[in-house]
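Shown here: my_file_34.cif, mmCIF, C-alpha atoms and all ligand atoms.
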```cif
data_protein
loop_
_atom_site.label_atom_id
_atom_site.label_comp_id
_atom_site.auth_asym_id
_atom_site.auth_seq_id
_atom_site.Cartn_x
_atom_site.Cartn_y
_atom_site.Cartn_z
CA MET J 430 18.29 103.02 -114.96
CA ALA J 431 15.07 105.01 -114.66
CA GLU J 432 12.51 104.09 -117.26
CA LEU J 433 9.74 105.80 -119.18
CA SER J 434 6.19 104.50 -119.54
CA SER J 435 4.03 105.28 -122.53
CA SER J 436 2.64 108.50 -121.03
CA PHE J 437 4.97 110.71 -123.03
CA TYR J 438 6.59 110.66 -126.38
CA VAL J 439 10.27 111.38 -125.91
CA ASP J 440 12.85 111.47 -128.64
CA PRO J 441 14.95 108.32 -128.11
CA GLN J 442 18.13 110.38 -127.93
CA ASP J 443 16.68 112.32 -125.00
CA LEU J 444 15.94 109.24 -122.92
CA ALA J 445 19.43 108.84 -121.47
CA PRO J 446 19.72 112.44 -120.24
CA LEU J 447 16.20 112.27 -118.78
CA ALA J 448 17.02 109.01 -117.03
CA ALA J 449 20.19 110.54 -115.59
CA LEU J 450 18.25 113.56 -114.34
CA ALA J 451 15.52 111.36 -112.84
CA GLU J 452 18.11 109.43 -110.90
CA GLU J 453 19.94 112.54 -109.78
CA GLU J 454 16.70 114.15 -108.61
CA GLY J 455 15.65 110.99 -106.78
CA PHE J 456 12.76 109.85 -108.97
CA GLU J 457 12.14 106.20 -109.74
CA SER J 458 10.94 106.83 -113.26
CA ILE J 459 11.26 109.42 -115.97
CA ASP J 460 7.49 109.90 -115.80
CA ASP J 461 7.71 110.92 -112.16
CA LEU J 462 10.44 113.41 -112.99
CA ILE J 463 8.36 114.92 -115.80
CA PHE J 464 5.16 115.08 -113.74
CA GLU J 465 6.95 116.67 -110.81
CA VAL J 466 9.26 119.20 -112.38
CA ALA J 467 8.37 119.87 -116.02
CA LEU J 468 5.76 122.48 -115.12
CA ARG J 469 7.92 124.38 -112.65
CA SER J 470 9.16 127.81 -113.58
CA VAL J 471 12.64 126.77 -112.51
CA GLN J 472 13.69 123.21 -113.11
CA PRO J 473 16.73 121.03 -113.59
CA GLY J 474 18.45 120.58 -116.90
CA ILE J 475 21.26 118.53 -118.31
CA CYS J 476 24.02 119.09 -120.83
CA ARG J 477 23.50 117.12 -124.02
CA VAL J 478 27.25 116.90 -124.56
CA CYS J 479 28.84 116.01 -121.24
CA GLY J 480 25.91 115.15 -118.97
CA PHE J 481 26.59 117.96 -116.51
CA THR J 482 23.41 118.76 -114.59
CA ALA J 483 22.16 122.24 -113.79
CA SER J 484 19.52 122.92 -111.17
CA ARG J 485 18.07 126.24 -112.26
CA MET J 486 16.89 126.22 -115.84
CA GLU J 487 13.89 127.97 -117.32
CA PRO J 488 11.22 125.61 -118.71
CA ASP J 489 11.95 126.54 -122.34
CA GLN J 490 15.72 126.46 -121.98
CA ARG J 491 17.35 124.57 -124.82
CA GLU J 492 20.61 126.47 -125.08
CA GLY J 493 21.64 126.80 -121.45
CA TRP J 494 25.29 127.40 -120.71
CA CYS J 495 27.19 124.33 -119.55
CA GLU J 496 29.82 125.29 -117.00
CA GLU J 497 31.58 122.00 -117.57
CA CYS J 498 32.17 121.93 -121.31
CA GLU J 499 31.47 125.63 -121.86
CA THR J 500 28.98 125.28 -124.66
CA PRO J 501 25.28 126.34 -124.81
CA THR J 502 24.01 122.78 -124.69
CA VAL J 503 21.97 122.48 -121.49
CA ARG J 504 18.30 121.64 -121.94
CA SER J 505 15.55 121.70 -119.35
CA VAL J 506 13.43 118.70 -118.39
CA ALA J 507 10.43 120.17 -120.21
CA VAL J 508 12.40 120.62 -123.42
CA LEU J 509 13.85 117.11 -123.20
CA ALA J 510 10.37 115.76 -122.58
CA GLY J 511 9.09 117.47 -125.71
CA LEU J 512 6.76 119.76 -123.76
CA ASN J 513 8.44 123.02 -124.74
ZN ZN N 601 28.52 120.09 -120.90
#
```
Please render this file's structure as structure tokens.
Ligand SMILES: [Zn+2]
Amino acid sequence: MAELSSSFYVDPQDLAPLAALAEEEGFESIDDLIFEVALRSVQPGICRVCGFTASRMEPDQREGWCEECETPTVRSVAVLAGLN
């Protein structure tokens, strides 16, 4: 499982979704994922309920629509990382 160094403070409950996204996006660590994508205007996100990943989320998206469980529970990398 992808890990996080001490570069960022991330809410412990957001670690698992960030690790899943890092792996899905091909990054070896959560830090790499955050450095690479958290500043993009369009970035991946993940559903906090079912883990469904979405590829086109706005950086401040915290209530993105999940097509899988049909609830507004998708958050972007930047939001999960506590940057937005
Ligand atoms: Zn979902």
If we count all atoms listed in the file and set the cut-off at 7 Å, which residues sit around J:Arg485, ignoring sequence neighbours fewer than 2 positions away in its own chain? Please answer as a VMD selection string.
chain J and resid 471 to 473 483 487
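Within the 9 Å cut-off around stretch 441-451 of chain J, using all atoms listed in the file and omitting residues fewer than 3 positions from it on the same chain, the listed residues are J:Met430, J:Ala431, J:Glu432, J:Leu433, J:Tyr438, J:Glu454, J:Gly455, J:Phe456, J:Glu457, J:Ser458, J:Ile459, J:Asp460, J:Asp461, J:Leu462, J:Ile463, J:Pro473, J:Gly474, J:Ile475, J:Cys476, J:Arg477, J:Gly480, J:Thr482, J:Val506, J:Leu509, J:Ala510.
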Give me a file of those residues, with C-alpha atoms, as a PDB file, in the frame of the given file.
```
ATOM      1  CA  MET J 430      18.290 103.020-114.960  1.00  0.00           C
ATOM      2  CA  ALA J 431      15.070 105.010-114.660  1.00  0.00           C
ATOM      3  CA  GLU J 432      12.510 104.090-117.260  1.00  0.00           C
ATOM      4  CA  LEU J 433       9.740 105.800-119.180  1.00  0.00           C
ATOM      5  CA  TYR J 438       6.590 110.660-126.380  1.00  0.00           C
ATOM      6  CA  GLU J 454      16.700 114.150-108.610  1.00  0.00           C
ATOM      7  CA  GLY J 455      15.650 110.990-106.780  1.00  0.00           C
ATOM      8  CA  PHE J 456      12.760 109.850-108.970  1.00  0.00           C
ATOM      9  CA  GLU J 457      12.140 106.200-109.740  1.00  0.00           C
ATOM     10  CA  SER J 458      10.940 106.830-113.260  1.00  0.00           C
ATOM     11  CA  ILE J 459      11.260 109.420-115.970  1.00  0.00           C
ATOM     12  CA  ASP J 460       7.490 109.900-115.800  1.00  0.00           C
ATOM     13  CA  ASP J 461       7.710 110.920-112.160  1.00  0.00           C
ATOM     14  CA  LEU J 462      10.440 113.410-112.990  1.00  0.00           C
ATOM     15  CA  ILE J 463       8.360 114.920-115.800  1.00  0.00           C
ATOM     16  CA  PRO J 473      16.730 121.030-113.590  1.00  0.00           C
ATOM     17  CA  GLY J 474      18.450 120.580-116.900  1.00  0.00           C
ATOM     18  CA  ILE J 475      21.260 118.530-118.310  1.00  0.00           C
ATOM     19  CA  CYS J 476      24.020 119.090-120.830  1.00  0.00           C
ATOM     20  CA  ARG J 477      23.500 117.120-124.020  1.00  0.00           C
ATOM     21  CA  GLY J 480      25.910 115.150-118.970  1.00  0.00           C
ATOM     22  CA  THR J 482      23.410 118.760-114.590  1.00  0.00           C
ATOM     23  CA  VAL J 506      13.430 118.700-118.390  1.00  0.00           C
ATOM     24  CA  LEU J 509      13.850 117.110-123.200  1.00  0.00           C
ATOM     25  CA  ALA J 510      10.370 115.760-122.580  1.00  0.00           C
TER      26      ALA J 510
END
```
Contacts of J:Asp489 at 9 Å (all atoms listed in the file; same-chain gap of 5+ positions) as a PyMOL selection string
chain J and resi 504-508+512-513
Please identify the residues whose atoms come within 6 Å of ligand ZN 601 (chain N), using all atoms listed in the file, and report them as a ChimeraX atom specification.
/J:476,478-481,495,497-498
So the first atom is atom CA of J:Phe437 and the second is atom CA of J:Arg469; what is the distance between them in Å, to one decimal place?
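A separation of 17.4 Å between them.
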Would you list the contacts of J:Ser470 as JSON, numbers by chain, taking every protein, DNA or RNA residue within 9 Å and counting all atoms listed in the file, but skipping same-chain residues closer than 2 positions in sequence?
{"J": [466, 467, 468, 472, 486, 487, 488]}
Interatomic distance, atom CA of J:Phe464 to atom CA of J:Gly511 (Å, one decimal)
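The value is 12.8 Å.
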Kindly provide, as JSON, the centre and edge lengths (Å, one decimal) of an axis-aligned box around all atoms of stretch 492-501 of chain J given in the file, with 6 Å on each side.
```
{"center_x": 26.4, "center_y": 124.7, "center_z": -121.0, "size_x": 23.6, "size_y": 17.5, "size_z": 20.1}
```
